[in-house]
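J.: Just so it is clear, I am handing over entry_23.cif, which has mmCIF, C-alpha atoms.
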data_protein
loop_
_atom_site.label_atom_id
_atom_site.label_comp_id
_atom_site.auth_asym_id
_atom_site.auth_seq_id
_atom_site.Cartn_x
_atom_site.Cartn_y
_atom_site.Cartn_z
CA MET A 1 37.61 -0.19 2.63
CA LYS A 2 34.84 -2.26 1.09
CA THR A 3 31.63 -2.51 3.04
CA TRP A 4 28.42 -4.45 2.55
CA ARG A 5 24.98 -2.96 2.07
CA PRO A 6 21.59 -4.21 0.89
CA SER A 7 21.25 -3.77 -2.87
CA LEU A 8 18.50 -1.83 -4.60
CA CYS A 9 16.95 -5.17 -5.59
CA ALA A 10 16.04 -5.82 -1.97
CA ALA A 11 13.25 -4.56 0.24
CA TRP A 12 13.27 -5.76 3.82
CA THR A 13 11.92 -5.46 7.31
CA VAL A 14 12.69 -6.89 10.72
CA LEU A 15 9.62 -8.20 12.54
CA LEU A 16 10.22 -9.66 15.98
CA ASP A 17 13.14 -12.10 15.55
CA THR A 18 12.93 -12.48 11.78
CA VAL A 19 14.19 -10.53 8.75
CA TYR A 20 11.98 -10.64 5.66
CA VAL A 21 13.83 -9.77 2.46
CA VAL A 22 11.84 -9.30 -0.74
CA ASP A 23 13.60 -9.57 -4.08
CA GLU A 24 11.84 -6.69 -5.87
CA ARG A 25 12.69 -8.17 -9.27
CA THR A 26 10.85 -11.43 -8.66
CA LYS A 27 8.78 -10.70 -5.52
CA GLU A 28 10.27 -13.82 -3.93
CA MET A 29 10.82 -13.58 -0.21
CA LEU A 30 13.82 -14.74 1.75
CA ILE A 31 13.35 -15.24 5.47
CA LEU A 32 16.37 -14.88 7.75
CA GLN A 33 16.37 -16.20 11.29
CA GLU A 34 18.68 -16.95 14.20
CA ASP A 35 22.27 -15.85 13.54
CA ALA A 36 21.38 -14.56 10.06
CA VAL A 37 19.44 -11.72 11.75
CA PRO A 38 22.43 -9.97 13.38
CA LEU A 39 24.34 -10.56 10.17
CA TRP A 40 21.69 -8.69 8.19
CA GLN A 41 21.80 -5.88 10.75
CA CYS A 42 25.56 -5.62 10.20
CA ILE A 43 24.95 -5.42 6.45
CA GLU A 44 22.33 -2.72 7.02
CA ARG A 45 24.89 -0.79 9.06
CA ARG A 46 27.27 -1.06 6.11
CA MET A 47 30.02 -2.99 7.84
CA SER A 48 32.99 -4.67 6.16
CA THR A 49 33.57 -8.41 6.29
CA LYS A 50 36.29 -7.81 8.89
CA GLU A 51 33.99 -5.70 11.05
CA ILE A 52 31.27 -8.33 10.76
CA MET A 53 33.67 -11.01 11.89
CA MET A 54 34.72 -8.91 14.90
CA GLN A 55 31.08 -8.35 15.74
CA LEU A 56 29.67 -11.85 15.22
CA ALA A 57 32.33 -14.55 15.22
CA ARG A 58 32.74 -16.33 18.56
CA PRO A 59 36.41 -16.36 19.71
CA GLU A 60 36.27 -20.07 20.43
CA HIS A 61 34.74 -20.86 17.01
CA LEU A 62 36.53 -18.35 14.80
CA GLU A 63 37.20 -20.56 11.80
CA GLU A 64 33.79 -22.18 11.82
CA ASP A 65 31.92 -18.87 12.20
CA HIS A 66 34.13 -17.16 9.64
CA ALA A 67 33.26 -19.81 7.06
CA ALA A 68 29.53 -19.62 7.82
CA ILE A 69 29.47 -15.82 7.63
CA VAL A 70 31.39 -15.70 4.35
CA GLU A 71 29.16 -18.37 2.88
CA THR A 72 26.00 -16.45 3.81
CA LEU A 73 27.40 -13.15 2.53
CA GLU A 74 28.31 -14.77 -0.78
CA ASN A 75 24.93 -16.44 -0.98
CA LEU A 76 23.14 -13.12 -0.46
CA ARG A 77 25.47 -11.38 -2.92
CA ASP A 78 24.96 -14.07 -5.55
CA GLN A 79 21.20 -13.63 -5.18
CA GLY A 80 21.72 -9.92 -5.83
CA LEU A 81 20.27 -8.90 -2.48
CA ILE A 82 23.45 -7.32 -1.08
CA GLU A 83 26.47 -5.66 -2.64
CA GLU A 84 30.00 -4.80 -1.56
CA VAL A 85 30.93 -1.18 -2.23
CA GLU A 86 33.94 1.08 -1.67
CA MET B 1 22.93 -19.31 9.20
CA LEU B 2 19.22 -19.92 8.72
CA LEU B 3 18.00 -18.78 5.31
CA ASP B 4 14.53 -20.07 4.54
CA GLU B 5 13.08 -19.65 1.07
CA ASN B 6 10.07 -21.89 1.43
CA ARG B 7 7.73 -19.89 3.62
CA THR B 8 4.77 -17.87 2.41
CA THR B 9 5.22 -14.30 1.20
CA ASN B 10 2.16 -13.45 3.26
CA GLU B 11 4.00 -14.15 6.49
CA PRO B 12 5.01 -10.53 7.30
CA ILE B 13 1.35 -9.48 7.12
CA GLN B 14 0.31 -12.34 9.40
CA VAL B 15 3.06 -11.58 11.91
CA ALA B 16 2.19 -7.88 11.82
CA PHE B 17 -1.49 -8.64 12.40
CA LYS B 18 -0.80 -10.92 15.36
CA ASN B 19 1.52 -8.37 16.93
CA THR B 20 -0.14 -5.12 15.82
CA LEU B 21 2.73 -3.72 13.77
CA PRO B 22 2.42 -1.17 10.94
CA VAL B 23 3.81 -3.33 8.15
CA ASN B 24 1.91 -1.16 5.63
CA ALA B 25 2.23 2.62 5.58
CA THR B 26 0.94 5.33 3.29
CA ILE B 27 2.34 8.84 3.23
CA GLU B 28 0.46 11.67 1.54
CA LEU B 29 3.36 13.77 0.29
CA LEU B 30 1.23 16.81 -0.60
CA THR B 31 -2.31 17.68 -1.66
CA ARG B 32 -1.25 20.05 -4.44
CA CYS B 33 -2.24 18.66 -7.80
CA ASN B 34 -2.15 19.76 -11.42
CA LEU B 35 -5.44 17.97 -12.16
CA ARG B 36 -8.91 18.76 -10.81
CA CYS B 37 -10.67 15.41 -10.89
CA GLU B 38 -14.35 16.05 -10.32
CA HIS B 39 -14.81 13.23 -7.78
CA CYS B 40 -11.57 13.75 -5.80
CA TYR B 41 -11.91 13.21 -2.03
CA ILE B 42 -9.41 15.97 -1.25
CA PRO B 43 -11.26 19.25 -0.65
CA ALA B 44 -8.41 21.68 -1.36
CA HIS B 45 -5.30 21.09 -3.44
CA THR B 46 -3.13 23.52 -1.53
CA GLY B 47 -1.03 21.45 0.88
CA ALA B 48 2.69 21.53 0.08
CA GLY B 49 3.32 18.63 2.45
CA LEU B 50 5.96 17.98 5.05
CA THR B 51 9.59 18.92 4.49
CA TYR B 52 12.15 16.43 3.18
CA GLU B 53 13.70 16.27 6.67
CA GLN B 54 10.32 15.57 8.28
CA ILE B 55 9.57 12.85 5.73
CA THR B 56 12.93 11.11 6.15
CA SER B 57 12.43 11.21 9.93
CA ILE B 58 9.03 9.53 9.42
CA LEU B 59 10.64 6.94 7.14
CA ASP B 60 13.26 6.20 9.81
CA GLN B 61 10.51 5.72 12.40
CA LEU B 62 8.43 3.51 10.11
CA HIS B 63 11.47 1.35 9.38
CA GLU B 64 12.12 0.98 13.11
CA MET B 65 8.49 -0.05 13.59
CA GLY B 66 8.70 -2.78 10.94
CA THR B 67 7.07 -1.19 7.90
CA LEU B 68 7.85 -3.08 4.71
CA TYR B 69 5.24 -1.87 2.22
CA LEU B 70 5.27 1.89 1.65
CA LEU B 71 2.76 3.69 -0.52
CA LEU B 72 3.52 7.29 -1.50
CA THR B 73 0.57 9.34 -2.70
CA GLY B 74 -0.69 12.89 -3.14
CA GLY B 75 -1.90 15.21 -4.61
CA GLU B 76 0.56 14.79 -7.40
CA MET B 77 3.92 13.81 -5.94
CA PHE B 78 5.93 14.72 -9.05
CA LEU B 79 5.14 18.38 -8.37
CA ARG B 80 7.59 18.08 -5.47
CA PRO B 81 11.13 18.99 -6.55
CA ASP B 82 12.50 16.53 -3.97
CA ILE B 83 10.37 13.55 -5.02
CA MET B 84 13.27 11.49 -6.35
CA ASP B 85 15.30 12.19 -3.18
CA ILE B 86 12.37 10.87 -1.13
CA VAL B 87 11.94 7.71 -3.23
CA ARG B 88 15.69 7.09 -3.23
CA TYR B 89 15.85 7.48 0.56
CA ALA B 90 12.88 5.15 1.01
CA ARG B 91 14.40 2.46 -1.21
CA ARG B 92 17.79 2.69 0.49
CA LYS B 93 15.97 2.34 3.82
CA GLY B 94 14.53 -0.95 2.60
CA PHE B 95 10.88 -0.16 1.87
CA SER B 96 9.00 -1.83 -0.94
CA VAL B 97 7.74 1.35 -2.58
CA THR B 98 4.55 1.91 -4.57
CA LEU B 99 3.78 5.29 -6.14
CA PHE B 100 0.30 6.70 -6.79
CA SER B 101 0.75 9.42 -9.40
CA ASN B 102 -1.41 10.89 -12.14
CA ALA B 103 1.54 10.28 -14.49
CA THR B 104 1.22 13.62 -16.25
CA CYS B 105 4.45 15.31 -15.21
CA THR B 106 7.00 12.54 -14.85
CA THR B 107 10.10 12.73 -17.02
CA GLU B 108 11.85 9.86 -18.77
CA ALA B 109 14.92 10.43 -16.58
CA GLN B 110 12.73 9.97 -13.48
CA ILE B 111 11.18 6.78 -14.87
CA ALA B 112 14.66 5.45 -15.66
CA GLU B 113 15.76 6.11 -12.09
CA LEU B 114 12.59 4.51 -10.67
CA LYS B 115 13.58 1.39 -12.60
CA GLU B 116 17.08 1.48 -11.13
CA LEU B 117 15.54 1.87 -7.69
CA ASN B 118 13.35 -1.19 -8.29
CA ILE B 119 10.14 0.35 -7.05
CA ALA B 120 7.38 -2.20 -6.52
CA GLN B 121 4.75 -0.47 -8.62
CA PHE B 122 3.88 2.74 -10.46
CA SER B 123 0.14 3.24 -10.27
CA CYS B 124 -1.95 5.86 -12.06
CA THR B 125 -5.59 6.49 -12.89
CA ILE B 126 -7.15 6.31 -16.35
CA PHE B 127 -10.88 7.01 -16.44
CA SER B 128 -11.39 6.31 -20.12
CA MET B 129 -9.37 5.68 -23.29
CA ASN B 130 -11.43 8.46 -24.85
CA PRO B 131 -9.65 11.79 -24.17
CA GLU B 132 -12.93 13.68 -24.17
CA VAL B 133 -14.20 11.61 -21.25
CA HIS B 134 -10.92 11.28 -19.32
CA ASP B 135 -10.00 14.95 -19.68
CA ALA B 136 -13.51 16.06 -18.73
CA ILE B 137 -13.16 14.14 -15.45
CA THR B 138 -9.64 15.43 -14.72
CA GLY B 139 -10.59 18.94 -15.78
CA VAL B 140 -7.38 19.28 -17.82
CA LYS B 141 -7.29 18.96 -21.59
CA GLY B 142 -4.46 16.76 -22.80
CA SER B 143 -4.10 14.89 -19.51
CA LEU B 144 -4.89 11.45 -20.98
CA GLU B 145 -2.23 11.89 -23.65
CA LYS B 146 0.39 12.76 -21.04
CA THR B 147 -0.59 9.86 -18.80
CA LEU B 148 -0.46 7.38 -21.68
CA ARG B 149 2.96 8.70 -22.69
CA THR B 150 4.28 8.16 -19.15
CA MET B 151 2.76 4.69 -18.89
CA ALA B 152 4.40 3.76 -22.19
CA LEU B 153 7.71 4.63 -20.51
CA VAL B 154 6.76 2.64 -17.43
CA LYS B 155 6.22 -0.36 -19.70
CA GLN B 156 9.36 0.31 -21.74
CA TYR B 157 11.52 0.39 -18.61
CA GLY B 158 9.88 -2.74 -17.21
CA ILE B 159 8.40 -1.17 -14.09
CA PRO B 160 5.33 -3.00 -12.75
CA GLY B 161 2.35 -0.78 -13.55
CA GLU B 162 -1.18 -0.49 -12.29
CA ILE B 163 -4.14 1.32 -13.79
CA LYS B 164 -6.83 2.48 -11.40
CA ASN B 165 -10.17 3.35 -12.92
CA VAL B 166 -12.91 4.68 -10.67
CA ILE B 167 -16.16 3.94 -12.48
CA MET B 168 -18.72 6.70 -12.42
CA LYS B 169 -21.78 7.57 -14.51
CA ARG B 170 -19.70 9.66 -16.90
CA ASN B 171 -17.25 6.85 -17.75
CA LEU B 172 -19.53 3.87 -17.20
CA ALA B 173 -19.20 2.69 -20.79
CA ASP B 174 -15.43 3.02 -20.84
CA TRP B 175 -13.89 0.73 -18.22
CA LYS B 176 -13.69 -2.32 -20.50
CA ALA B 177 -11.49 -0.45 -22.97
CA VAL B 178 -9.27 0.61 -20.07
CA HIS B 179 -9.15 -3.00 -18.91
CA ASP B 180 -8.12 -4.13 -22.40
CA TYR B 181 -5.42 -1.43 -22.52
CA ALA B 182 -4.07 -2.53 -19.12
CA LYS B 183 -4.06 -6.18 -20.14
CA GLU B 184 -2.33 -5.49 -23.47
CA ASN B 185 0.41 -3.58 -21.68
CA GLY B 186 0.88 -6.00 -18.80
CA PHE B 187 -0.49 -3.62 -16.16
CA SER B 188 -2.83 -4.70 -13.41
CA HIS B 189 -6.23 -3.02 -13.45
CA LEU B 190 -8.38 -1.96 -10.53
CA ALA B 191 -11.82 -0.58 -11.39
CA PRO B 192 -13.97 -0.03 -8.32
CA PRO B 193 -17.54 1.20 -8.84
CA ASN B 194 -17.19 3.44 -5.78
CA VAL B 195 -16.88 7.16 -5.28
CA MET B 196 -15.88 8.39 -1.85
CA PRO B 197 -17.15 11.59 -0.23
CA LYS B 198 -14.69 14.38 0.34
CA ILE B 199 -12.79 14.05 3.60
CA ASP B 200 -14.49 17.17 4.94
CA GLY B 201 -17.84 15.36 4.81
CA ASN B 202 -19.02 16.89 1.54
CA LEU B 203 -21.08 14.16 -0.15
CA THR B 204 -21.30 15.83 -3.57
CA PRO B 205 -18.78 13.47 -5.28
CA MET B 206 -21.04 10.50 -4.51
CA GLU B 207 -23.66 11.94 -6.85
CA LEU B 208 -21.26 11.14 -9.68
CA GLY B 209 -21.20 7.46 -8.73
CA LEU B 210 -23.21 4.51 -9.96
CA ASN B 211 -26.63 3.45 -8.76
CA TYR B 212 -27.50 -0.06 -7.60
CA GLU B 213 -28.40 -1.47 -11.03
CA GLN B 214 -25.31 0.00 -12.67
CA THR B 215 -23.07 -1.31 -9.90
CA LYS B 216 -24.57 -4.78 -10.22
CA GLU B 217 -24.00 -4.84 -13.97
CA VAL B 218 -20.40 -3.67 -13.66
CA TRP B 219 -19.69 -6.20 -10.93
CA ARG B 220 -21.22 -9.05 -12.94
CA GLU B 221 -19.15 -8.12 -16.00
CA GLN B 222 -15.98 -7.75 -13.93
CA ASP B 223 -16.64 -11.16 -12.43
CA GLU B 224 -16.87 -12.65 -15.92
CA ARG B 225 -13.51 -11.08 -16.73
CA GLY B 226 -11.97 -12.56 -13.57
CA MET B 227 -11.48 -9.12 -12.04
CA GLN B 228 -13.38 -9.74 -8.82
CA GLU B 229 -11.77 -11.33 -5.81
CA LYS B 230 -13.59 -14.24 -4.24
CA VAL B 231 -16.44 -12.85 -2.17
CA ARG B 232 -16.38 -13.83 1.47
CA ILE B 233 -19.80 -14.49 2.90
CA GLY B 234 -20.42 -14.64 6.63
CA TRP B 235 -20.47 -12.53 9.76
CA ASP B 236 -18.59 -13.56 12.89
CA GLU B 237 -19.25 -11.15 15.75
CA SER B 238 -15.90 -11.96 17.34
CA ASP B 239 -13.97 -10.73 14.28
CA TYR B 240 -12.32 -7.35 14.27
CA ILE B 241 -14.38 -4.82 12.32
CA CYS B 242 -11.34 -4.18 10.11
CA ASN B 243 -8.13 -6.20 10.20
CA LEU B 244 -6.22 -3.51 8.33
CA ILE B 245 -6.39 -1.17 11.33
CA HIS B 246 -3.94 -3.57 13.01
CA THR B 247 -1.29 -3.48 10.30
CA GLN B 248 -1.31 -0.11 8.62
CA VAL B 249 -1.03 3.62 9.09
CA PHE B 250 -1.85 6.56 6.85
CA ILE B 251 0.06 9.80 7.41
CA ASP B 252 -1.44 12.85 5.77
CA CYS B 253 0.49 15.84 4.47
CA ASN B 254 0.21 17.58 7.85
CA GLY B 255 1.56 14.63 9.82
CA ASN B 256 -1.82 13.44 11.10
CA LEU B 257 -2.19 9.69 11.59
CA PHE B 258 -5.22 7.68 10.44
CA PRO B 259 -5.91 3.96 9.94
CA CYS B 260 -6.04 4.44 6.17
CA ASN B 261 -6.86 6.97 3.48
CA THR B 262 -10.52 5.98 3.55
CA PHE B 263 -10.83 6.12 7.33
CA TYR B 264 -10.18 9.65 8.51
CA TYR B 265 -10.34 8.94 12.23
CA LYS B 266 -7.33 10.78 13.57
CA PHE B 267 -5.33 9.07 16.30
CA GLY B 268 -2.32 11.34 16.57
CA ASN B 269 0.15 13.63 14.85
CA ILE B 270 3.68 12.50 14.15
CA LEU B 271 5.02 16.05 14.45
CA GLU B 272 3.89 16.11 18.07
CA LEU B 273 4.88 12.64 19.30
CA PRO B 274 7.02 9.79 17.96
CA LEU B 275 5.16 7.20 15.90
CA ARG B 276 5.94 4.38 18.33
CA GLU B 277 4.41 6.28 21.22
CA ILE B 278 1.25 7.13 19.30
CA TRP B 279 0.89 3.62 17.84
CA ASN B 280 1.31 1.93 21.24
CA LYS B 281 -0.22 4.44 23.62
CA ALA B 282 -2.72 6.81 21.98
CA GLU B 283 -6.20 6.22 23.41
CA ALA B 284 -7.81 6.86 20.02
CA HIS B 285 -5.65 4.16 18.45
CA LYS B 286 -6.37 1.70 21.26
CA TYR B 287 -10.07 2.34 20.70
CA LEU B 288 -9.80 1.65 16.96
CA LEU B 289 -7.81 -1.53 17.60
CA SER B 290 -10.46 -2.77 20.01
CA LEU B 291 -13.37 -2.56 17.55
CA ARG B 292 -15.00 -5.89 16.83
CA LYS B 293 -18.13 -6.67 14.84
CA LYS B 294 -20.05 -7.30 18.05
CA ASP B 295 -19.59 -3.60 18.91
CA PHE B 296 -21.79 -2.69 15.94
CA PRO B 297 -25.31 -3.59 17.12
CA ALA B 298 -27.13 -2.26 14.05
CA CYS B 299 -24.90 -4.43 11.85
CA CYS B 300 -25.36 -7.47 14.10
CA ASN B 301 -29.14 -7.15 13.68
CA CYS B 302 -29.04 -6.51 9.92
CA LYS B 303 -30.51 -9.33 7.81
CA ASP B 304 -27.86 -8.73 5.13
CA ARG B 305 -24.85 -8.75 7.46
CA ALA B 306 -23.41 -11.96 5.97
CA TYR B 307 -22.94 -10.20 2.65
CA CYS B 308 -21.54 -6.99 4.05
CA VAL B 309 -17.88 -6.08 4.13
CA LYS B 310 -18.44 -3.41 6.73
CA CYS B 311 -15.98 -0.56 6.36
CA PRO B 312 -16.08 1.78 9.36
CA GLY B 313 -14.13 4.26 7.25
CA ASN B 314 -16.87 4.55 4.65
CA ALA B 315 -19.47 5.16 7.36
CA TYR B 316 -17.26 7.68 9.10
CA MET B 317 -16.59 9.55 5.86
CA GLU B 318 -20.26 9.64 4.90
CA SER B 319 -21.82 10.54 8.23
CA GLY B 320 -19.14 11.13 10.85
CA ASP B 321 -20.49 8.03 12.63
CA LEU B 322 -18.41 4.91 12.14
CA TYR B 323 -21.25 2.75 13.54
CA ALA B 324 -23.67 3.92 10.84
CA CYS B 325 -24.55 2.04 7.66
CA SER B 326 -22.87 3.70 4.71
CA GLU B 327 -24.57 4.10 1.35
CA MET B 328 -21.51 2.63 -0.33
CA ASP B 329 -21.44 -0.49 1.85
CA ARG B 330 -25.23 -0.92 1.53
CA ARG B 331 -25.11 -0.80 -2.27
CA LEU B 332 -22.22 -3.27 -2.47
CA THR B 333 -23.88 -5.56 0.08
CA TRP B 334 -27.10 -5.72 -1.91
CA VAL B 335 -25.15 -6.41 -5.10
CA THR B 336 -23.18 -9.19 -3.38
CA LYS B 337 -26.37 -10.72 -2.05
CA GLU B 338 -28.07 -10.52 -5.43
CA LEU B 339 -25.14 -11.96 -7.37
CA TYR B 340 -23.79 -14.53 -4.95
CA GLY B 341 -26.56 -15.10 -2.38
CA LYS B 342 -28.17 -18.12 -4.01
CA GLU B 343 -24.79 -19.69 -4.70
CA ALA B 344 -23.83 -19.28 -1.04
CA GLU B 345 -27.15 -20.63 0.24
CA SER B 346 -26.91 -23.70 -1.96
CA ALA B 347 -23.33 -24.26 -0.77
CA ASP B 348 -24.64 -24.26 2.82
#
Here is the file; what I need is its structure written in the form of structure tokens.
T.:
Amino acid sequence: MKTWRPSLCAAWTVLLDTVYVVDERTKEMLILQEDAVPLWQCIERRMSTKEIMMQLARPEHLEEDHAAIVETLENLRDQGLIEEVE
Amino acid sequence: MLLDENRTTNEPIQVAFKNTLPVNATIELLTRCNLRCEHCYIPAHTGAGLTYEQITSILDQLHEMGTLYLLLTGGEMFLRPDIMDIVRYARRKGFSVTLFSNATCTTEAQIAELKELNIAQFSCTIFSMNPEVHDAITGVKGSLEKTLRTMALVKQYGIPGEIKNVIMKRNLADWKAVHDYAKENGFSHLAPPNVMPKIDGNLTPMELGLNYEQTKEVWREQDERGMQEKVRIGWDESDYICNLIHTQVFIDCNGNLFPCNTFYYKFGNILELPLREIWNKAEAHKYLLSLRKKDFPACCNCKDRAYCVKCPGNAYMESGDLYACSEMDRRLTWVTKELYGKEAESAD
């Protein structure tokens, strides 16, 4: 099963209710807040997309949340900050 | 999902300061070293350091506490057989990792892996581009050649590099050549005209350092080269004596906790209590966090206080009294006043 994890391009910390992700190649910083914070914690715990959905998607908003989560995961992957591994 | 790319990269430091969180941490991995630098602040190069398991436990605790910037130092860390395991663990844990090494015993395979791990910086010390001077300071013939070979690899693999260059009497004439070397190779260069005492209170290393006139000349020349940060002039009694105490922790190779590696005021030991408990509850740490400039009456009455960047660590290292005036601070204060005093007065 494929799971997500932060890539070796990223350095990060969680301070209060915010995740700060540094791209170590460029030193640019991405700041994650609100529902992106639990998503990052799922990535840190190396969960699969399915597990993340089970954890974060609200039953009454499944489709909407699914789309938002996938979009964010792809965004972070395209930036090289996370990777999907076997 | 809220992803914000427009806020300042300084924000984690500001948040950590406001909330007293150790966003910066330094771990001394060992005190063993293959060099014998004549000015070194470490009295004995015998400490093998904590075990790999102890270090990874510390890294887990630091991560939980919000540490982002991790500095690994020694001794010489590449004498540890497990050094790459430690760096790998730290990077996988999410730390932005800087290494302080003497760069004399690092292999190309290690440098290649450091690149893959995307460490933030590889920092070493070069005292002079002249091997006779550099090797005389390190006490090991051939050490400059080895360091330069490693730094060539650091450049080749595209790892951000830094050259530190403590300026003393013996290498006073040499720092500009080191600066040129750093610039040519794309490395940052840090050349402080300061020599610290040994951490056991032995002041002998300071005798190797510059006097007032030499310091002033170096500072003036560094200013011309754009190497000096903007000098802050002023003294507000309500300010903390040192903001860094609120955002950083130094862990020595026996697990002792200090505010930083120039302020050896112990506030706990991580082998005895969890970091969170010490950081939040230790009386010695609470005391350090409470220190404001107003608590330093001699400083408040000093006519030169506006030019002084008071470091309680320097005073504590020199005399065992953090309220005292350190020779190092005094010299730098006088130089600041001499070089920038008139400019500041006219600005007022």
J.: State, in Å with one decimal place, the distance from CA of Leu68 in chain B to CA of Leu21 in chain B.
T.: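 One can read the CA of Leu68 in chain B to CA of Leu21 in chain B distance as 10.4 Å.
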J.: Compute the set of chain A residues within 7 Å of chain B, using all atoms listed in the file, and express it as a PyMOL selection string.
T.: chain A and resi 8-15+24+29-36+68+72
J.: Using all atoms listed in the file, list the residues that have an atom at most 12 Å from (30.5, -10.3, 15.8), coordinates as in the file, as a ChimeraX atom specification.
T.: /A:35-43,47-59,61-62,65-66,69
J.: Could you write out as number ranges by chain the residues that the PyMOL selection byres ((chain B and resi 290) around 12) matches in the shown file?
T.: B: 20, 238-243, 245-246, 283-289, 291-295
J.: Can you list, as a PyMOL selection string, the residues that the PyMOL selection byres ((chain B and resi 143) around 9) selects here?
T.: chain B and resi 35+102-104+131+134-135+138-142+144-148
J.: Using all atoms listed in the file, which protein or nucleic acid residues come within 10 Å of Glu207 in chain B? Drop anything in the same chain fewer than 6 positions from it, and give the result as JSON, numbers by chain.
T.: {"B": [39, 168, 169, 195, 196, 197]}
J.: One decimal, Å: what's the distance from CA of Leu99 in chain B over to CA of Phe122 in chain B, could you say?
T.: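 Those two atoms sit 5.0 Å apart.
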J.: As an exercise, work out the distance from CA of Ile27 in chain B to CA of Ile251 in chain B in Å and give it to one decimal place.
T.: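 Interatomic distance here is 4.9 Å.
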J.: Hey, what's within 6 Å of range 40-51 of chain B if we count all atoms listed in the file and toss same-chain stuff fewer than 5 positions away? As a VMD selection string, please?
T.: chain B and resid 29 to 33 197 to 199 253
J.: Which is closest to Thr333 in chain B among B:Asp304, B:Glu277, B:Glu272, B:Asp174, if we use only C-alpha atoms?
T.: B:Asp304
J.: Using the chain letters and numbers from the file, which residues does the PyMOL selection byres ((chain B and resi 181) around 12) grab, as a ChimeraX atom specification?
T.: /B:126-130,148,151-152,161-165,174-180,182-189
J.: Using all atoms listed in the file for the distances, tell me which of B:Asp85, B:Asp329, B:Glu318, B:Asp252 is nearest to Glu113 in chain B.
T.: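 Nearest candidate to Glu113 in chain B out of B:Asp85, B:Asp329, B:Glu318, B:Asp252: B:Asp85.
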J.: Compile the contact shell of Asn261 in chain B as number ranges by chain: residues with an atom at most 9 Å away, counting all atoms listed in the file, same-chain residues fewer than 5 positions apart removed.
T.: B: 26, 28, 249-252, 313
